[in-house]
$ cat target-v8.csv   # CSV, C-alpha atoms
chain,number,residue,atom,x,y,z
P,1,MET,CA,0.0,0.0,0.0
P,2,THR,CA,1.3,3.4,-0.9
P,3,PHE,CA,1.0,6.0,1.9
P,4,VAL,CA,0.5,9.8,1.4
P,5,THR,CA,3.4,11.8,2.9
P,6,GLY,CA,4.7,15.2,2.1
P,7,LEU,CA,6.9,18.1,3.1
P,8,THR,CA,5.9,21.4,4.8
P,9,PHE,CA,7.0,24.7,3.2
P,10,GLY,CA,10.0,24.6,5.5
P,11,GLY,CA,11.0,21.1,4.3
P,12,ASP,CA,9.8,19.1,7.4
P,13,ALA,CA,8.2,15.7,6.8
P,14,TRP,CA,4.4,15.7,7.2
P,15,THR,CA,1.9,12.9,7.2
P,16,PRO,CA,-1.7,13.8,6.9
P,17,GLN,CA,-4.2,12.5,9.4
P,18,PHE,CA,-7.7,12.1,7.9
P,19,LEU,CA,-10.9,12.6,9.9
P,20,SER,CA,-12.6,9.3,10.2
P,21,GLU,CA,-15.1,9.8,13.0
P,22,ILE,CA,-16.6,12.3,15.5
P,23,ILE,CA,-17.5,10.8,18.8
P,24,LYS,CA,-20.9,12.3,19.5
P,25,ASP,CA,-20.7,11.8,23.3
P,26,LYS,CA,-17.6,13.9,23.5
P,27,CYS,CA,-18.7,16.6,21.0
P,28,LEU,CA,-19.7,19.8,22.7
P,29,GLY,CA,-21.4,21.2,19.5
P,30,TRP,CA,-19.5,24.5,19.5
P,31,GLY,CA,-18.7,24.2,15.8
P,32,ARG,CA,-15.0,25.3,16.1
P,33,CYS,CA,-13.9,22.3,14.1
P,34,PHE,CA,-16.5,23.0,11.5
P,35,GLN,CA,-15.4,26.6,11.2
P,36,ALA,CA,-11.7,25.6,10.9
P,37,CYS,CA,-12.5,23.1,8.1
P,38,GLY,CA,-12.8,24.8,4.7
P,39,ARG,CA,-13.5,21.5,2.8
P,40,GLY,CA,-17.1,20.7,3.9
P,41,VAL,CA,-16.1,17.5,5.6
P,42,MET,CA,-18.3,18.0,8.7
P,43,ALA,CA,-21.9,19.0,9.3
P,44,LEU,CA,-23.8,20.1,12.4
P,45,ILE,CA,-26.9,18.0,13.3
P,46,VAL,CA,-29.4,18.2,16.2
P,47,LEU,CA,-29.9,15.1,18.4
P,48,ASN,CA,-32.9,14.5,20.7
P,49,GLU,CA,-32.7,13.1,24.2
P,50,ASP,CA,-32.5,9.6,22.8
P,51,GLY,CA,-29.5,10.5,20.6
P,52,GLU,CA,-31.5,10.4,17.4
P,53,SER,CA,-31.0,12.9,14.6
P,54,ILE,CA,-33.9,15.4,14.3
P,55,ASP,CA,-34.7,18.2,11.9
P,56,GLU,CA,-33.4,21.5,13.3
P,57,ASP,CA,-36.6,23.3,12.3
P,58,GLU,CA,-38.6,20.9,14.5
P,59,ASN,CA,-36.3,21.4,17.5
P,60,ASP,CA,-38.7,22.4,20.2
P,61,ASP,CA,-37.3,19.9,22.6
P,62,GLU,CA,-35.2,21.4,25.4
P,63,GLY,CA,-33.3,18.2,25.7
P,64,ALA,CA,-32.0,18.4,22.2
P,65,ARG,CA,-28.3,19.2,21.5
P,66,LYS,CA,-26.2,19.9,18.5
P,67,VAL,CA,-23.2,17.8,17.5
P,68,MET,CA,-20.8,17.5,14.6
P,69,VAL,CA,-20.8,14.5,12.2
P,70,VAL,CA,-18.5,13.5,9.4
P,71,MET,CA,-20.6,14.3,6.3
P,72,ASN,CA,-18.1,14.1,3.4
P,73,ALA,CA,-15.0,12.1,4.6
P,74,ALA,CA,-13.8,11.8,1.0
P,75,LYS,CA,-13.2,15.6,1.0
P,76,CYS,CA,-10.8,15.5,4.0
P,77,ILE,CA,-7.2,16.4,3.0
P,78,GLY,CA,-5.7,15.4,6.4
P,79,CYS,CA,-4.7,18.9,7.5
P,80,GLN,CA,-6.0,18.4,11.1
P,81,ALA,CA,-7.4,22.0,11.1
P,82,GLY,CA,-10.4,21.0,13.2
P,83,ASP,CA,-8.4,19.1,15.8
P,84,ARG,CA,-7.3,20.9,19.0
P,85,GLY,CA,-4.3,18.6,19.3
P,86,ASP,CA,-4.6,18.2,23.0
P,87,GLY,CA,-5.8,14.6,23.0
P,88,ASP,CA,-9.2,15.6,24.5
P,89,THR,CA,-11.1,15.9,21.3
P,90,ALA,CA,-14.2,14.3,19.8
P,91,LEU,CA,-12.4,13.9,16.5
P,92,THR,CA,-10.9,10.5,15.5
P,93,LEU,CA,-8.0,10.9,13.0
P,94,MET,CA,-6.4,8.2,11.0
P,95,VAL,CA,-3.0,8.3,9.4
P,96,ASN,CA,-2.7,7.2,5.8
P,97,ILE,CA,-6.3,6.0,5.3
P,98,SER,CA,-6.9,5.5,1.6
P,99,PRO,CA,-9.3,7.7,-0.2
P,100,ALA,CA,-11.4,4.7,-1.2
P,101,ILE,CA,-11.9,3.7,2.4
P,102,ALA,CA,-12.9,7.2,3.3
P,103,ILE,CA,-15.5,7.3,0.5
P,104,ARG,CA,-16.9,3.9,1.6
P,105,ARG,CA,-17.2,5.1,5.2
P,106,SER,CA,-18.8,8.3,4.2
P,107,LEU,CA,-21.4,6.5,2.1
P,108,ALA,CA,-22.1,3.9,4.8
P,109,GLU,CA,-22.8,6.5,7.5
P,110,HIS,CA,-25.4,8.4,5.5
$ encode --input "target-v8.csv" --output "C-alpha coordinates"
Amino acid sequence: MTFVTGLTFGGDAWTPQFLSEIIKDKCLGWGRCFQACGRGVMALIVLNEDGESIDEDENDDEGARKVMVVMNAAKCIGCQAGDRGDGDTALTLMVNISPAIAIRRSLAEH
(Lines of atoms letter the chains of each structure in order from A and count residues from 1; the text may use other names and numbers.)
(Lines give C-alpha, C1' and ligand atoms only; values in the text may rest on other atoms or scores of the structure.)
Protein backbone atom coordinates (compact mmCIF):
# COMPACT_ATOMS: atom_id res chain seq x y z
CA MET A 1 0.00 0.00 0.00
CA THR A 2 1.28 3.45 -0.88
CA PHE A 3 1.05 6.05 1.87
CA VAL A 4 0.50 9.76 1.44
CA THR A 5 3.36 11.80 2.85
CA GLY A 6 4.69 15.24 2.08
CA LEU A 7 6.87 18.11 3.11
CA THR A 8 5.94 21.37 4.75
CA PHE A 9 7.02 24.65 3.17
CA GLY A 10 10.01 24.57 5.52
CA GLY A 11 11.01 21.09 4.34
CA ASP A 12 9.84 19.11 7.39
CA ALA A 13 8.23 15.70 6.79
CA TRP A 14 4.45 15.73 7.22
CA THR A 15 1.95 12.87 7.25
CA PRO A 16 -1.73 13.77 6.85
CA GLN A 17 -4.22 12.51 9.43
CA PHE A 18 -7.66 12.14 7.92
CA LEU A 19 -10.89 12.61 9.89
CA SER A 20 -12.64 9.27 10.20
CA GLU A 21 -15.13 9.77 13.03
CA ILE A 22 -16.57 12.29 15.47
CA ILE A 23 -17.51 10.83 18.85
CA LYS A 24 -20.94 12.31 19.53
CA ASP A 25 -20.71 11.77 23.30
CA LYS A 26 -17.57 13.92 23.47
CA CYS A 27 -18.70 16.58 20.99
CA LEU A 28 -19.72 19.85 22.66
CA GLY A 29 -21.40 21.21 19.53
CA TRP A 30 -19.48 24.48 19.51
CA GLY A 31 -18.68 24.19 15.80
CA ARG A 32 -15.04 25.25 16.15
CA CYS A 33 -13.87 22.26 14.09
CA PHE A 34 -16.54 23.00 11.48
CA GLN A 35 -15.38 26.61 11.16
CA ALA A 36 -11.73 25.58 10.86
CA CYS A 37 -12.45 23.11 8.05
CA GLY A 38 -12.83 24.78 4.69
CA ARG A 39 -13.54 21.55 2.82
CA GLY A 40 -17.11 20.73 3.93
CA VAL A 41 -16.09 17.50 5.64
CA MET A 42 -18.32 18.00 8.71
CA ALA A 43 -21.92 19.03 9.34
CA LEU A 44 -23.82 20.13 12.43
CA ILE A 45 -26.88 18.04 13.33
CA VAL A 46 -29.42 18.15 16.17
CA LEU A 47 -29.95 15.13 18.43
CA ASN A 48 -32.94 14.54 20.68
CA GLU A 49 -32.68 13.12 24.23
CA ASP A 50 -32.49 9.59 22.79
CA GLY A 51 -29.51 10.47 20.58
CA GLU A 52 -31.53 10.35 17.37
CA SER A 53 -31.03 12.92 14.62
CA ILE A 54 -33.93 15.35 14.27
CA ASP A 55 -34.72 18.22 11.91
CA GLU A 56 -33.38 21.50 13.29
CA ASP A 57 -36.63 23.27 12.31
CA GLU A 58 -38.60 20.86 14.50
CA ASN A 59 -36.30 21.41 17.48
CA ASP A 60 -38.69 22.44 20.23
CA ASP A 61 -37.28 19.88 22.64
CA GLU A 62 -35.23 21.41 25.44
CA GLY A 63 -33.26 18.16 25.73
CA ALA A 64 -31.95 18.45 22.18
CA ARG A 65 -28.30 19.22 21.52
CA LYS A 66 -26.15 19.94 18.49
CA VAL A 67 -23.20 17.76 17.52
CA MET A 68 -20.83 17.52 14.57
CA VAL A 69 -20.81 14.51 12.23
CA VAL A 70 -18.54 13.46 9.37
CA MET A 71 -20.62 14.27 6.30
CA ASN A 72 -18.06 14.09 3.45
CA ALA A 73 -15.01 12.09 4.59
CA ALA A 74 -13.78 11.84 1.01
CA LYS A 75 -13.15 15.61 0.98
CA CYS A 76 -10.76 15.47 3.95
CA ILE A 77 -7.18 16.39 3.03
CA GLY A 78 -5.73 15.38 6.41
CA CYS A 79 -4.74 18.89 7.50
CA GLN A 80 -6.04 18.44 11.09
CA ALA A 81 -7.38 22.02 11.14
CA GLY A 82 -10.40 20.97 13.19
CA ASP A 83 -8.40 19.08 15.81
CA ARG A 84 -7.27 20.92 18.95
CA GLY A 85 -4.31 18.58 19.27
CA ASP A 86 -4.58 18.22 23.04
CA GLY A 87 -5.79 14.63 22.97
CA ASP A 88 -9.16 15.57 24.51
CA THR A 89 -11.13 15.87 21.32
CA ALA A 90 -14.22 14.30 19.81
CA LEU A 91 -12.41 13.86 16.49
CA THR A 92 -10.86 10.53 15.53
CA LEU A 93 -8.03 10.93 13.02
CA MET A 94 -6.41 8.18 10.98
CA VAL A 95 -2.95 8.25 9.44
CA ASN A 96 -2.74 7.22 5.80
CA ILE A 97 -6.31 6.05 5.33
CA SER A 98 -6.86 5.46 1.63
CA PRO A 99 -9.34 7.72 -0.20
CA ALA A 100 -11.37 4.66 -1.23
CA ILE A 101 -11.89 3.66 2.41
CA ALA A 102 -12.87 7.23 3.32
CA ILE A 103 -15.46 7.29 0.54
CA ARG A 104 -16.93 3.92 1.60
CA ARG A 105 -17.17 5.08 5.23
CA SER A 106 -18.82 8.34 4.23
CA LEU A 107 -21.42 6.53 2.11
CA ALA A 108 -22.08 3.88 4.75
CA GLU A 109 -22.77 6.47 7.47
CA HIS A 110 -25.40 8.36 5.48
$ atom_distance --input "target-v8.csv" --atom1 "CA of Leu19 in chain P" --atom2 "CA of Ala73 in chain P"
6.7 Å
$ residues_around --input "target-v8.csv" --residues "range 23-32 of chain P" --least-positions-apart "4" --cutoff "6 Å" --atoms "only C-alpha atoms" --output "list of chain:residue names"
P:Lys66, P:Val67, P:Ala90
$ write_last_selection --input "target-v8.csv" --atoms "C-alpha atoms" --output "PDB file, in the frame of the given file"
ATOM      1  CA  LYS P  66     -26.200  19.900  18.500  1.00  0.00           C
ATOM      2  CA  VAL P  67     -23.200  17.800  17.500  1.00  0.00           C
ATOM      3  CA  ALA P  90     -14.200  14.300  19.800  1.00  0.00           C
TER       4      ALA P  90
END
$ atom_distance --input "target-v8.csv" --atom1 "CA of Met71 in chain P" --atom2 "CA of Gly6 in chain P"
25.7 Å
$ atom_distance --input "target-v8.csv" --atom1 "CA of Ile45 in chain P" --atom2 "CA of Ala64 in chain P"
10.3 Å
$ closest_residue --input "target-v8.csv" --among "P:Cys33, P:Val41, P:Val46, P:Ala81" --to "Ser20 in chain P" --atoms "all atoms listed in the file"
P:Val41
$ closest_residue --input "target-v8.csv" --among "P:Thr15, P:Thr5, P:Gln80, P:Asn48" --to "Leu93 in chain P" --atoms "only C-alpha atoms"
P:Gln80
$ closest_residue --input "target-v8.csv" --among "P:Ala13, P:Met68, P:Val4, P:Ile77" --to "Met42 in chain P" --atoms "all atoms listed in the file"
P:Met68
$ closest_residue --input "target-v8.csv" --among "P:Gln35, P:Gly40, P:Phe9, P:Asp55" --to "Ala74 in chain P" --atoms "all atoms listed in the file"
P:Gly40
